[in-house]
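The file my_file28.cif contains mmCIF, C-alpha atoms:
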```
data_upload
loop_
_atom_site.group_PDB
_atom_site.id
_atom_site.type_symbol
_atom_site.label_atom_id
_atom_site.label_comp_id
_atom_site.auth_asym_id
_atom_site.auth_seq_id
_atom_site.Cartn_x
_atom_site.Cartn_y
_atom_site.Cartn_z
ATOM 1 C CA MET L 1412 57.536 -49.332 202.684
ATOM 2 C CA PRO L 1413 58.477 -50.934 199.346
ATOM 3 C CA GLY L 1414 61.839 -52.655 199.123
ATOM 4 C CA ASP L 1415 63.653 -55.827 198.061
ATOM 5 C CA ALA L 1416 63.042 -58.441 200.784
ATOM 6 C CA GLY L 1417 61.198 -61.665 199.931
ATOM 7 C CA PRO L 1418 57.439 -61.481 200.341
ATOM 8 C CA ALA L 1419 55.565 -62.907 203.301
ATOM 9 C CA GLY L 1420 52.290 -64.559 202.357
ATOM 10 C CA PRO L 1421 48.961 -65.431 203.967
ATOM 11 C CA ALA L 1422 48.681 -67.576 207.065
ATOM 12 C CA ASP L 1423 49.019 -71.295 206.307
ATOM 13 C CA ALA L 1424 45.495 -72.765 206.323
ATOM 14 C CA THR L 1425 46.883 -76.226 207.088
ATOM 15 C CA VAL L 1426 48.227 -74.866 210.382
ATOM 16 C CA VAL L 1427 45.747 -72.130 211.348
ATOM 17 C CA PRO L 1428 42.161 -72.883 210.238
ATOM 18 C CA ARG L 1429 40.596 -70.273 207.982
ATOM 19 C CA PHE L 1430 38.022 -69.345 210.619
ATOM 20 C CA ALA L 1431 40.749 -68.612 213.191
ATOM 21 C CA GLY L 1432 43.331 -65.894 213.595
ATOM 22 C CA PRO L 1433 43.298 -62.185 212.786
ATOM 23 C CA ALA L 1434 40.817 -61.165 210.099
ATOM 24 C CA THR L 1435 43.194 -59.344 207.775
ATOM 25 C CA PHE L 1436 42.328 -59.445 204.086
ATOM 26 C CA ALA L 1437 43.034 -62.982 202.807
ATOM 27 C CA ARG L 1438 44.851 -63.492 206.152
ATOM 28 C CA LEU L 1439 47.773 -61.473 204.820
ATOM 29 C CA PRO L 1440 50.399 -59.983 207.147
ATOM 30 C CA THR L 1441 49.838 -56.508 208.508
ATOM 31 C CA ALA L 1442 51.934 -53.633 207.223
ATOM 32 C CA GLU L 1443 53.731 -53.504 210.578
ATOM 33 C CA ALA L 1444 54.700 -57.185 210.382
ATOM 34 C CA VAL L 1445 56.979 -56.899 207.338
ATOM 35 C CA PRO L 1446 59.944 -54.630 206.555
ATOM 36 C CA ARG L 1447 58.573 -53.515 203.187
ATOM 37 C CA TRP L 1448 55.549 -53.869 200.946
ATOM 38 C CA ASP L 1449 54.483 -53.388 197.322
ATOM 39 C CA ILE L 1450 50.677 -53.274 197.627
ATOM 40 C CA ALA L 1451 48.674 -52.296 200.690
ATOM 41 C CA VAL L 1452 45.054 -53.310 201.182
ATOM 42 C CA VAL L 1453 43.392 -50.596 203.248
ATOM 43 C CA GLY L 1454 39.844 -50.193 204.514
ATOM 44 C CA ILE L 1455 37.969 -46.882 204.351
ATOM 45 C CA PRO L 1456 34.884 -47.240 206.576
ATOM 46 C CA PHE L 1457 33.064 -44.100 205.441
ATOM 47 C CA ASP L 1458 29.476 -43.904 204.160
ATOM 48 C CA GLY L 1459 28.609 -40.262 204.789
ATOM 49 C CA GLY L 1460 28.114 -39.684 201.066
ATOM 50 C CA THR L 1461 25.348 -42.209 200.498
ATOM 51 C CA THR L 1462 21.992 -41.121 199.087
ATOM 52 C CA TYR L 1463 19.853 -44.211 199.781
ATOM 53 C CA ARG L 1464 20.773 -47.200 201.945
ATOM 54 C CA PRO L 1465 23.554 -46.533 204.478
ATOM 55 C CA GLY L 1466 25.872 -49.131 205.986
ATOM 56 C CA ALA L 1467 28.928 -49.283 203.707
ATOM 57 C CA ARG L 1468 31.023 -48.098 206.662
ATOM 58 C CA PHE L 1469 30.888 -51.732 207.741
ATOM 59 C CA GLY L 1470 32.037 -52.920 204.310
ATOM 60 C CA PRO L 1471 35.783 -53.284 205.007
ATOM 61 C CA ALA L 1472 35.209 -55.602 207.976
ATOM 62 C CA ALA L 1473 32.674 -57.679 206.029
ATOM 63 C CA VAL L 1474 34.928 -58.033 202.992
ATOM 64 C CA ARG L 1475 37.863 -59.061 205.144
ATOM 65 C CA GLN L 1476 35.671 -61.724 206.730
ATOM 66 C CA GLY L 1477 34.523 -62.829 203.280
ATOM 67 C CA SER L 1478 38.147 -63.152 202.154
ATOM 68 C CA ARG L 1479 39.131 -65.843 204.654
ATOM 69 C CA LEU L 1480 38.621 -68.652 202.136
ATOM 70 C CA LEU L 1481 40.870 -67.142 199.461
ATOM 71 C CA ARG L 1482 43.888 -69.284 198.579
ATOM 72 C CA PRO L 1483 47.353 -68.227 197.418
ATOM 73 C CA TYR L 1484 47.385 -69.707 193.879
ATOM 74 C CA ASN L 1485 45.304 -68.131 191.116
ATOM 75 C CA PRO L 1486 44.778 -70.891 188.527
ATOM 76 C CA ALA L 1487 43.013 -68.600 186.049
ATOM 77 C CA VAL L 1488 46.316 -66.872 185.319
ATOM 78 C CA GLY L 1489 48.756 -69.469 186.678
ATOM 79 C CA ALA L 1490 50.252 -67.142 189.274
ATOM 80 C CA LEU L 1491 50.950 -66.860 192.980
ATOM 81 C CA PRO L 1492 50.203 -63.150 193.449
ATOM 82 C CA PHE L 1493 51.431 -63.002 197.020
ATOM 83 C CA GLU L 1494 54.812 -64.378 195.946
ATOM 84 C CA LEU L 1495 55.127 -61.921 193.070
ATOM 85 C CA ALA L 1496 54.540 -58.924 195.320
ATOM 86 C CA GLN L 1497 54.545 -58.208 199.024
ATOM 87 C CA VAL L 1498 50.900 -57.527 199.804
ATOM 88 C CA VAL L 1499 49.859 -56.380 203.273
ATOM 89 C CA ASP L 1500 46.784 -55.291 205.133
ATOM 90 C CA ALA L 1501 47.344 -51.721 206.301
ATOM 91 C CA GLY L 1502 44.235 -51.565 208.476
ATOM 92 C CA ASP L 1503 41.657 -48.801 208.133
ATOM 93 C CA ILE L 1504 41.870 -45.099 207.384
ATOM 94 C CA ALA L 1505 40.150 -43.247 210.204
ATOM 95 C CA CYS L 1506 37.984 -40.335 209.120
ATOM 96 C CA THR L 1507 35.032 -38.386 210.459
ATOM 97 C CA PRO L 1508 31.591 -39.898 209.869
ATOM 98 C CA PHE L 1509 29.936 -36.464 210.039
ATOM 99 C CA GLY L 1510 31.341 -34.295 207.229
ATOM 100 C CA PRO L 1511 32.064 -35.549 203.691
ATOM 101 C CA GLU L 1512 34.363 -32.628 202.820
ATOM 102 C CA GLU L 1513 36.458 -33.123 205.947
ATOM 103 C CA ALA L 1514 36.476 -36.906 205.462
ATOM 104 C CA VAL L 1515 37.672 -36.530 201.869
ATOM 105 C CA ALA L 1516 40.607 -34.420 203.060
ATOM 106 C CA GLN L 1517 41.483 -36.947 205.782
ATOM 107 C CA ILE L 1518 41.335 -39.887 203.363
ATOM 108 C CA GLU L 1519 43.491 -38.054 200.833
ATOM 109 C CA ALA L 1520 46.147 -37.295 203.439
ATOM 110 C CA ALA L 1521 46.211 -40.893 204.676
ATOM 111 C CA ALA L 1522 46.408 -42.266 201.127
ATOM 112 C CA GLU L 1523 49.262 -39.893 200.323
ATOM 113 C CA ALA L 1524 51.132 -41.147 203.389
ATOM 114 C CA LEU L 1525 50.673 -44.756 202.277
ATOM 115 C CA LEU L 1526 51.826 -43.986 198.737
ATOM 116 C CA ALA L 1527 54.840 -41.958 199.857
ATOM 117 C CA GLY L 1528 57.095 -45.017 199.788
ATOM 118 C CA GLY L 1529 56.265 -45.841 196.177
ATOM 119 C CA GLY L 1530 53.849 -48.733 196.648
ATOM 120 C CA ARG L 1531 50.239 -49.019 195.489
ATOM 121 C CA VAL L 1532 46.932 -49.030 197.352
ATOM 122 C CA MET L 1533 43.991 -51.413 197.011
ATOM 123 C CA ALA L 1534 41.150 -49.835 198.977
ATOM 124 C CA ILE L 1535 37.990 -51.397 200.423
ATOM 125 C CA GLY L 1536 35.082 -48.977 200.899
ATOM 126 C CA GLY L 1537 33.037 -47.455 202.264
ATOM 127 C CA ASP L 1538 30.833 -45.643 199.768
ATOM 128 C CA HIS L 1539 31.991 -44.353 196.393
ATOM 129 C CA THR L 1540 32.834 -40.925 197.793
ATOM 130 C CA VAL L 1541 36.184 -42.422 198.828
ATOM 131 C CA ALA L 1542 37.278 -42.793 195.200
ATOM 132 C CA LEU L 1543 37.869 -39.039 194.876
ATOM 133 C CA PRO L 1544 40.573 -38.693 197.549
ATOM 134 C CA LEU L 1545 42.181 -41.913 196.339
ATOM 135 C CA LEU L 1546 42.292 -40.553 192.787
ATOM 136 C CA ARG L 1547 43.779 -37.312 194.085
ATOM 137 C CA ALA L 1548 46.576 -39.111 195.919
ATOM 138 C CA THR L 1549 47.255 -41.529 193.052
ATOM 139 C CA SER L 1550 47.222 -38.834 190.378
ATOM 140 C CA ALA L 1551 49.663 -36.784 192.433
ATOM 141 C CA ARG L 1552 52.173 -39.615 191.980
ATOM 142 C CA HIS L 1553 51.378 -40.755 188.434
ATOM 143 C CA GLY L 1554 49.780 -37.822 186.639
ATOM 144 C CA PRO L 1555 46.377 -37.915 184.909
ATOM 145 C CA LEU L 1556 44.875 -41.389 185.097
ATOM 146 C CA ALA L 1557 42.820 -43.659 182.915
ATOM 147 C CA LEU L 1558 39.800 -44.839 184.875
ATOM 148 C CA VAL L 1559 37.922 -48.093 184.440
ATOM 149 C CA HIS L 1560 34.769 -47.719 186.479
ATOM 150 C CA PHE L 1561 32.580 -50.785 187.026
ATOM 151 C CA ASP L 1562 29.192 -49.552 188.212
ATOM 152 C CA ALA L 1563 25.477 -49.519 187.512
ATOM 153 C CA HIS L 1564 25.648 -45.716 187.780
ATOM 154 C CA LEU L 1565 27.615 -42.927 186.122
ATOM 155 C CA ASP L 1566 28.712 -41.216 189.355
ATOM 156 C CA THR L 1567 29.356 -38.038 187.366
ATOM 157 C CA TRP L 1568 26.393 -36.098 188.719
ATOM 158 C CA ASP L 1569 27.032 -32.667 190.190
ATOM 159 C CA VAL L 1570 25.450 -32.167 193.632
ATOM 160 C CA TYR L 1571 22.946 -33.806 195.959
ATOM 161 C CA PHE L 1572 21.112 -31.499 198.369
ATOM 162 C CA GLY L 1573 23.831 -28.928 197.790
ATOM 163 C CA GLN L 1574 26.630 -31.362 198.727
ATOM 164 C CA ARG L 1575 29.488 -31.658 196.202
ATOM 165 C CA PHE L 1576 31.135 -34.687 197.838
ATOM 166 C CA THR L 1577 28.839 -37.700 197.536
ATOM 167 C CA HIS L 1578 28.938 -41.232 196.216
ATOM 168 C CA GLY L 1579 27.190 -40.031 193.048
ATOM 169 C CA SER L 1580 29.681 -37.307 192.157
ATOM 170 C CA PRO L 1581 33.312 -38.461 192.652
ATOM 171 C CA PHE L 1582 34.181 -38.686 188.974
ATOM 172 C CA ARG L 1583 32.735 -35.278 188.086
ATOM 173 C CA ARG L 1584 34.953 -33.805 190.784
ATOM 174 C CA ALA L 1585 37.902 -35.872 189.512
ATOM 175 C CA TRP L 1586 37.322 -34.606 185.980
ATOM 176 C CA GLU L 1587 36.997 -30.999 187.143
ATOM 177 C CA GLU L 1588 40.266 -31.337 189.076
ATOM 178 C CA GLY L 1589 42.201 -32.712 186.092
ATOM 179 C CA LEU L 1590 42.841 -36.098 187.680
ATOM 180 C CA LEU L 1591 41.641 -38.089 184.665
ATOM 181 C CA SER L 1592 43.149 -38.403 181.224
ATOM 182 C CA ARG L 1593 40.542 -37.448 178.627
ATOM 183 C CA ASP L 1594 39.262 -40.206 176.330
ATOM 184 C CA HIS L 1595 41.037 -42.959 178.267
ATOM 185 C CA SER L 1596 38.276 -43.682 180.805
ATOM 186 C CA THR L 1597 35.330 -46.072 180.610
ATOM 187 C CA HIS L 1598 32.237 -46.924 182.610
ATOM 188 C CA VAL L 1599 31.325 -50.631 182.470
ATOM 189 C CA GLY L 1600 28.001 -52.154 183.537
ATOM 190 C CA LEU L 1601 25.740 -49.096 183.336
ATOM 191 C CA ARG L 1602 22.003 -49.698 183.576
ATOM 192 C CA GLY L 1603 18.795 -48.501 185.159
ATOM 193 C CA PRO L 1604 16.797 -45.251 185.042
ATOM 194 C CA LEU L 1605 18.456 -41.837 184.979
ATOM 195 C CA TYR L 1606 17.355 -38.365 186.018
ATOM 196 C CA SER L 1607 17.469 -37.069 182.440
ATOM 197 C CA SER L 1608 18.808 -37.840 178.974
ATOM 198 C CA THR L 1609 21.354 -35.089 179.580
ATOM 199 C CA ASP L 1610 23.050 -37.288 182.211
ATOM 200 C CA LEU L 1611 24.607 -39.383 179.440
ATOM 201 C CA ILE L 1612 25.431 -36.338 177.324
ATOM 202 C CA ASP L 1613 27.161 -34.543 180.200
ATOM 203 C CA ASP L 1614 29.104 -37.686 181.068
ATOM 204 C CA ALA L 1615 30.312 -38.180 177.491
ATOM 205 C CA GLY L 1616 31.370 -34.539 177.457
ATOM 206 C CA MET L 1617 33.760 -35.333 180.303
ATOM 207 C CA GLY L 1618 35.504 -37.880 178.092
ATOM 208 C CA PHE L 1619 33.980 -41.114 179.369
ATOM 209 C CA ALA L 1620 33.047 -44.072 177.191
ATOM 210 C CA GLN L 1621 29.886 -45.874 178.298
ATOM 211 C CA ILE L 1622 29.475 -49.650 178.189
ATOM 212 C CA THR L 1623 26.136 -50.856 179.503
ATOM 213 C CA ALA L 1624 25.353 -54.208 181.107
ATOM 214 C CA ASP L 1625 23.423 -55.060 177.934
ATOM 215 C CA ASP L 1626 26.521 -54.213 175.867
ATOM 216 C CA VAL L 1627 28.566 -56.664 177.928
ATOM 217 C CA ALA L 1628 25.963 -59.379 177.331
ATOM 218 C CA GLU L 1629 25.916 -58.676 173.590
ATOM 219 C CA LEU L 1630 29.653 -58.225 173.057
ATOM 220 C CA GLY L 1631 30.860 -60.921 175.427
ATOM 221 C CA GLY L 1632 33.693 -60.647 177.902
ATOM 222 C CA ALA L 1633 36.627 -60.845 175.475
ATOM 223 C CA ALA L 1634 35.349 -58.138 173.133
ATOM 224 C CA THR L 1635 34.375 -55.896 176.042
ATOM 225 C CA ALA L 1636 37.817 -56.259 177.615
ATOM 226 C CA ALA L 1637 39.509 -55.540 174.279
ATOM 227 C CA ARG L 1638 37.486 -52.341 173.899
ATOM 228 C CA VAL L 1639 38.404 -51.210 177.413
ATOM 229 C CA LEU L 1640 42.117 -52.024 177.011
ATOM 230 C CA GLU L 1641 42.289 -50.187 173.695
ATOM 231 C CA ARG L 1642 40.862 -47.101 175.338
ATOM 232 C CA ILE L 1643 43.281 -47.280 178.289
ATOM 233 C CA GLY L 1644 46.292 -47.417 176.001
ATOM 234 C CA ASP L 1645 49.514 -46.899 177.920
ATOM 235 C CA ALA L 1646 48.037 -44.509 180.487
ATOM 236 C CA PRO L 1647 48.412 -45.346 184.192
ATOM 237 C CA LEU L 1648 45.182 -47.051 185.224
ATOM 238 C CA TYR L 1649 42.972 -46.684 188.259
ATOM 239 C CA VAL L 1650 40.201 -49.275 188.653
ATOM 240 C CA SER L 1651 37.096 -48.447 190.699
ATOM 241 C CA VAL L 1652 34.530 -51.169 191.324
ATOM 242 C CA ASP L 1653 31.148 -50.377 192.803
ATOM 243 C CA ILE L 1654 29.808 -53.758 193.827
ATOM 244 C CA ASP L 1655 26.373 -52.734 192.553
ATOM 245 C CA VAL L 1656 27.699 -53.369 189.047
ATOM 246 C CA LEU L 1657 26.643 -56.917 189.898
ATOM 247 C CA ASP L 1658 23.011 -57.912 189.635
ATOM 248 C CA PRO L 1659 21.303 -57.912 193.047
ATOM 249 C CA ALA L 1660 21.104 -61.697 192.756
ATOM 250 C CA HIS L 1661 24.910 -61.699 193.033
ATOM 251 C CA ALA L 1662 25.296 -58.681 195.341
ATOM 252 C CA PRO L 1663 22.216 -57.874 197.419
ATOM 253 C CA GLY L 1664 24.225 -56.131 200.126
ATOM 254 C CA THR L 1665 24.666 -52.721 198.574
ATOM 255 C CA GLY L 1666 23.205 -49.250 198.878
ATOM 256 C CA THR L 1667 21.660 -48.596 195.447
ATOM 257 C CA PRO L 1668 20.817 -51.942 193.799
ATOM 258 C CA GLU L 1669 19.714 -52.021 190.151
ATOM 259 C CA ALA L 1670 18.210 -55.038 188.379
ATOM 260 C CA GLY L 1671 19.838 -56.435 185.258
ATOM 261 C CA GLY L 1672 23.499 -56.354 186.250
ATOM 262 C CA LEU L 1673 26.586 -58.421 185.575
ATOM 263 C CA THR L 1674 27.128 -61.857 187.042
ATOM 264 C CA SER L 1675 30.030 -62.497 189.389
ATOM 265 C CA ARG L 1676 31.676 -64.601 186.686
ATOM 266 C CA GLU L 1677 31.426 -61.776 184.131
ATOM 267 C CA LEU L 1678 32.900 -59.217 186.503
ATOM 268 C CA LEU L 1679 35.768 -61.437 187.604
ATOM 269 C CA SER L 1680 36.615 -62.205 183.975
ATOM 270 C CA LEU L 1681 36.610 -58.525 183.012
ATOM 271 C CA VAL L 1682 38.770 -57.538 185.984
ATOM 272 C CA ARG L 1683 41.201 -60.368 185.209
ATOM 273 C CA ALA L 1684 41.496 -59.125 181.627
ATOM 274 C CA LEU L 1685 42.900 -55.786 182.846
ATOM 275 C CA ALA L 1686 46.217 -57.417 183.785
ATOM 276 C CA PRO L 1687 48.104 -56.086 180.718
ATOM 277 C CA ALA L 1688 47.404 -52.495 181.812
ATOM 278 C CA HIS L 1689 49.559 -50.599 184.298
ATOM 279 C CA ILE L 1690 47.263 -50.581 187.339
ATOM 280 C CA VAL L 1691 48.487 -47.988 189.822
ATOM 281 C CA GLY L 1692 45.551 -48.106 192.239
ATOM 282 C CA ALA L 1693 42.108 -49.573 192.796
ATOM 283 C CA ASP L 1694 39.091 -49.669 195.045
ATOM 284 C CA VAL L 1695 36.064 -51.904 195.634
ATOM 285 C CA VAL L 1696 33.234 -50.041 197.321
ATOM 286 C CA GLU L 1697 29.582 -49.979 198.398
ATOM 287 C CA VAL L 1698 29.379 -53.313 200.240
ATOM 288 C CA SER L 1699 26.632 -52.782 202.828
ATOM 289 C CA PRO L 1700 26.538 -55.957 204.949
ATOM 290 C CA ALA L 1701 23.247 -55.172 206.692
ATOM 291 C CA TYR L 1702 21.521 -55.962 203.384
ATOM 292 C CA ASP L 1703 23.684 -58.999 202.599
ATOM 293 C CA HIS L 1704 22.724 -62.653 202.961
ATOM 294 C CA ALA L 1705 25.149 -65.515 203.648
ATOM 295 C CA GLU L 1706 28.064 -63.142 202.830
ATOM 296 C CA ILE L 1707 27.148 -63.266 199.112
ATOM 297 C CA THR L 1708 28.181 -59.670 198.467
ATOM 298 C CA ALA L 1709 31.228 -59.686 200.734
ATOM 299 C CA ILE L 1710 32.559 -62.883 199.164
ATOM 300 C CA ALA L 1711 32.040 -61.483 195.656
ATOM 301 C CA ALA L 1712 33.889 -58.298 196.631
ATOM 302 C CA ALA L 1713 36.738 -60.306 198.173
ATOM 303 C CA HIS L 1714 37.190 -62.271 194.950
ATOM 304 C CA VAL L 1715 37.179 -59.088 192.866
ATOM 305 C CA ILE L 1716 39.910 -57.662 195.103
ATOM 306 C CA TYR L 1717 41.881 -60.905 194.775
ATOM 307 C CA GLU L 1718 41.780 -60.586 190.968
ATOM 308 C CA LEU L 1719 42.811 -56.943 191.155
ATOM 309 C CA LEU L 1720 45.705 -57.808 193.475
ATOM 310 C CA THR L 1721 46.747 -60.543 191.057
ATOM 311 C CA ALA L 1722 46.710 -58.124 188.119
ATOM 312 C CA MET L 1723 48.682 -55.563 190.136
ATOM 313 C CA ALA L 1724 51.193 -58.191 191.291
ATOM 314 C CA LEU L 1725 51.717 -59.407 187.734
ATOM 315 C CA GLY L 1726 52.583 -55.837 186.868
ATOM 316 C CA THR L 1727 55.483 -55.847 189.335
ATOM 317 C CA THR L 1728 57.353 -58.628 187.495
#
```
Please go through the file and, once you have read it, give me the structure as C-alpha cells.
Amino acid sequence: MPGDAGPAGPADATVVPRFAGPATFARLPTAEAVPRWDIAVVGIPFDGGTTYRPGARFGPAAVRQGSRLLRPYNPAVGALPFELAQVVDAGDIACTPFGPEEAVAQIEAAAEALLAGGGRVMAIGGDHTVALPLLRATSARHGPLALVHFDAHLDTWDVYFGQRFTHGSPFRRAWEEGLLSRDHSTHVGLRGPLYSSTDLIDDAGMGFAQITADDVAELGGAATAARVLERIGDAPLYVSVDIDVLDPAHAPGTGTPEAGGLTSRELLSLVRALAPAHIVGADVVEVSPAYDHAEITAIAAAHVIYELLTAMALGTT
C-alpha cells in the first residue's frame, strides 16, 4: 500500500552477488516485505491470445532473470529511481491459460486490487492481450487515458477466429470501451505488411497517430519524442511496449517478429523522453524466451522497464 515510509531498495550487489538470491525484478523487495509502496512490478504470465508463436507466458520469469544486472543509479537522468519511490515486486497475477475472456476478467480484478491503495502498476507480460484489463483498471482510477504504444503492429484489429480478446485487438476494445482519450494516443515503431489498406484508415478513425519505424529513423529521437509529448498533452498516460517494436536483431525472442525495427538504444531513448508526462501505468509484453538467445530480448525488456520505472519515479517527486 502507498504511504510515507522511506523506500527500501534492491539487494546490495556487494553483499549478495547478482546471480544469487530471489529473482525479483532488479532484486527489489517483495510487496510483502515493505509497509507501503508507490509502484508495483507485477508479472502476467498469460499467452492465450497469441496468433503465431506462443511462449510469452514465460516472459515475466525471463525478464526478472534478465534484470539481475540492473543497478540503482540511472546516469542518463541523474536519478536514483528506487530512492525516489518505493518500488516492489508484487509477484504474478494468476489467471486461466484456457480462456482469454475469463483471463481478462481475472487480470482486471487483480490489477484493480493492486491499484486500490493509490499506487501504480508496471506489468510484465505475457502477450499483448493483458493490456486491455490493465487499461480498464487504470482508466477506472484516472479516467480516459493517453496511450503511447510502442509496437511493430497496430493491435487495433477486430477479431481473430471469432475471438474478440487477442493480442492483436486490445486497443480496439479499449477504444470501444471509452478507455482512451481521443487524439492523445500514438503508435510508435509501426512497420511490416498489413491485411489491407483499411487497417490504417480504421486505426486513424479511432484517434491514433501513427509513427512508423522509418519515421523514427528520419525524424530522430528528439523530434519523435517531441511529437509524442505534444500529442499526450496533460492527459494521464499509459505506456504499452510490445518488445517486437525492436528489430529481431535486438529482440529475437518474441511471438511476431518483423524486420526493420528500432534499435535498443532508440527505444530506451524514446521511453526516457516520456518522463515529463504523467505516467499512471505501463506494461512491457511479448517476450517469448523459447525464441531468445543469450537473454538478448529479456535483457532489453528489463532495461525498458527500468527506464519506465525511472520516469514514473521522477513523477512522484
Pull out every residue that the PyMOL selection byres ((chain L and resi 1716) around 9) matches in the shown coordinates and put them as a PyMOL selection string.
chain L and resi 1533-1535+1693-1695+1711-1715+1717-1721
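One distance worth recording is that between atom CA of L:Ala1548 and atom CA of L:Glu1523, which is 5.2 Å.
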Give me the residues within 9 Å of L:Val1698 as a PDB file with C-alpha atoms, in the coordinates of the input, counting all atoms listed in the file and dropping any in the same chain fewer than 5 places off.
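Written file, out_37.pdb:
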```pdb
ATOM      1  CA  GLY L1466      25.872 -49.131 205.986  1.00  0.00           C
ATOM      2  CA  ALA L1467      28.928 -49.283 203.707  1.00  0.00           C
ATOM      3  CA  ARG L1468      31.023 -48.098 206.662  1.00  0.00           C
ATOM      4  CA  PHE L1469      30.888 -51.732 207.741  1.00  0.00           C
ATOM      5  CA  GLY L1470      32.037 -52.920 204.310  1.00  0.00           C
ATOM      6  CA  PRO L1471      35.783 -53.284 205.007  1.00  0.00           C
ATOM      7  CA  ALA L1473      32.674 -57.679 206.029  1.00  0.00           C
ATOM      8  CA  VAL L1474      34.928 -58.033 202.992  1.00  0.00           C
ATOM      9  CA  ILE L1535      37.990 -51.397 200.423  1.00  0.00           C
ATOM     10  CA  GLY L1536      35.082 -48.977 200.899  1.00  0.00           C
ATOM     11  CA  GLY L1537      33.037 -47.455 202.264  1.00  0.00           C
ATOM     12  CA  ASP L1538      30.833 -45.643 199.768  1.00  0.00           C
ATOM     13  CA  ASP L1653      31.148 -50.377 192.803  1.00  0.00           C
ATOM     14  CA  ILE L1654      29.808 -53.758 193.827  1.00  0.00           C
ATOM     15  CA  ASP L1655      26.373 -52.734 192.553  1.00  0.00           C
ATOM     16  CA  ALA L1662      25.296 -58.681 195.341  1.00  0.00           C
ATOM     17  CA  PRO L1663      22.216 -57.874 197.419  1.00  0.00           C
ATOM     18  CA  GLY L1664      24.225 -56.131 200.126  1.00  0.00           C
ATOM     19  CA  THR L1665      24.666 -52.721 198.574  1.00  0.00           C
ATOM     20  CA  GLY L1666      23.205 -49.250 198.878  1.00  0.00           C
ATOM     21  CA  ASP L1703      23.684 -58.999 202.599  1.00  0.00           C
ATOM     22  CA  THR L1708      28.181 -59.670 198.467  1.00  0.00           C
ATOM     23  CA  ALA L1709      31.228 -59.686 200.734  1.00  0.00           C
ATOM     24  CA  ALA L1712      33.889 -58.298 196.631  1.00  0.00           C
TER      25      ALA L1712
END
```
Could you pull out every residue with an atom within 8 Å of (31.1, -40.7, 181.4), file coordinates, counting all atoms listed in the file, and send them as a compact mmCIF listing (two decimals) with C-alpha atoms, keeping the file's coordinate frame?
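Done, and the output landed in part.txt:
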```txt
# COMPACT_ATOMS: atom_id res chain seq x y z
CA LEU L 1565 27.62 -42.93 186.12
CA THR L 1567 29.36 -38.04 187.37
CA SER L 1596 38.28 -43.68 180.80
CA THR L 1597 35.33 -46.07 180.61
CA HIS L 1598 32.24 -46.92 182.61
CA LEU L 1611 24.61 -39.38 179.44
CA ASP L 1613 27.16 -34.54 180.20
CA ASP L 1614 29.10 -37.69 181.07
CA ALA L 1615 30.31 -38.18 177.49
CA GLY L 1616 31.37 -34.54 177.46
CA MET L 1617 33.76 -35.33 180.30
CA GLY L 1618 35.50 -37.88 178.09
CA PHE L 1619 33.98 -41.11 179.37
CA ALA L 1620 33.05 -44.07 177.19
CA GLN L 1621 29.89 -45.87 178.30
```
Find the spatial neighbours of stretch 1628-1634 of chain L, counting only C-alpha atoms, within a cut-off of 12 Å - ignore same-chain residues fewer than 2 positions away - and output them as a PyMOL selection string.
chain L and resi 1599-1601+1622-1626+1636-1641+1671-1674+1676-1685
Can you write just those residues out, C-alpha atoms, as a tab-separated table (two decimals), in the frame of the given file?
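In the end it all went to out16.tsv:
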```tsv
chain	number	residue	atom	x	y	z
L	1599	VAL	CA	31.32	-50.63	182.47
L	1600	GLY	CA	28.00	-52.15	183.54
L	1601	LEU	CA	25.74	-49.10	183.34
L	1622	ILE	CA	29.48	-49.65	178.19
L	1623	THR	CA	26.14	-50.86	179.50
L	1624	ALA	CA	25.35	-54.21	181.11
L	1625	ASP	CA	23.42	-55.06	177.93
L	1626	ASP	CA	26.52	-54.21	175.87
L	1636	ALA	CA	37.82	-56.26	177.62
L	1637	ALA	CA	39.51	-55.54	174.28
L	1638	ARG	CA	37.49	-52.34	173.90
L	1639	VAL	CA	38.40	-51.21	177.41
L	1640	LEU	CA	42.12	-52.02	177.01
L	1641	GLU	CA	42.29	-50.19	173.70
L	1671	GLY	CA	19.84	-56.44	185.26
L	1672	GLY	CA	23.50	-56.35	186.25
L	1673	LEU	CA	26.59	-58.42	185.58
L	1674	THR	CA	27.13	-61.86	187.04
L	1676	ARG	CA	31.68	-64.60	186.69
L	1677	GLU	CA	31.43	-61.78	184.13
L	1678	LEU	CA	32.90	-59.22	186.50
L	1679	LEU	CA	35.77	-61.44	187.60
L	1680	SER	CA	36.62	-62.20	183.98
L	1681	LEU	CA	36.61	-58.52	183.01
L	1682	VAL	CA	38.77	-57.54	185.98
L	1683	ARG	CA	41.20	-60.37	185.21
L	1684	ALA	CA	41.50	-59.12	181.63
L	1685	LEU	CA	42.90	-55.79	182.85
```
Give me, please, the distance in Å between atom CA of L:Ser1651 and atom CA of L:Ile1504, quoted to one decimal.
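About the pair atom CA of L:Ser1651 and atom CA of L:Ile1504: they are 17.7 Å apart.
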Matched chain/residue IDs from the PyMOL selection byres ((chain L and resi 1516) around 12), as a ChimeraX atom specification:
/L:1504-1507,1510-1515,1517-1523,1540-1545,1547-1548,1576
Selection from above, C-alpha atoms, as a compact mmCIF listing (two decimals), in the coordinates of the input, can you write it?
```txt
# COMPACT_ATOMS: atom_id res chain seq x y z
CA ILE L 1504 41.87 -45.10 207.38
CA ALA L 1505 40.15 -43.25 210.20
CA CYS L 1506 37.98 -40.34 209.12
CA THR L 1507 35.03 -38.39 210.46
CA GLY L 1510 31.34 -34.30 207.23
CA PRO L 1511 32.06 -35.55 203.69
CA GLU L 1512 34.36 -32.63 202.82
CA GLU L 1513 36.46 -33.12 205.95
CA ALA L 1514 36.48 -36.91 205.46
CA VAL L 1515 37.67 -36.53 201.87
CA GLN L 1517 41.48 -36.95 205.78
CA ILE L 1518 41.34 -39.89 203.36
CA GLU L 1519 43.49 -38.05 200.83
CA ALA L 1520 46.15 -37.30 203.44
CA ALA L 1521 46.21 -40.89 204.68
CA ALA L 1522 46.41 -42.27 201.13
CA GLU L 1523 49.26 -39.89 200.32
CA THR L 1540 32.83 -40.92 197.79
CA VAL L 1541 36.18 -42.42 198.83
CA ALA L 1542 37.28 -42.79 195.20
CA LEU L 1543 37.87 -39.04 194.88
CA PRO L 1544 40.57 -38.69 197.55
CA LEU L 1545 42.18 -41.91 196.34
CA ARG L 1547 43.78 -37.31 194.08
CA ALA L 1548 46.58 -39.11 195.92
CA PHE L 1576 31.14 -34.69 197.84
```
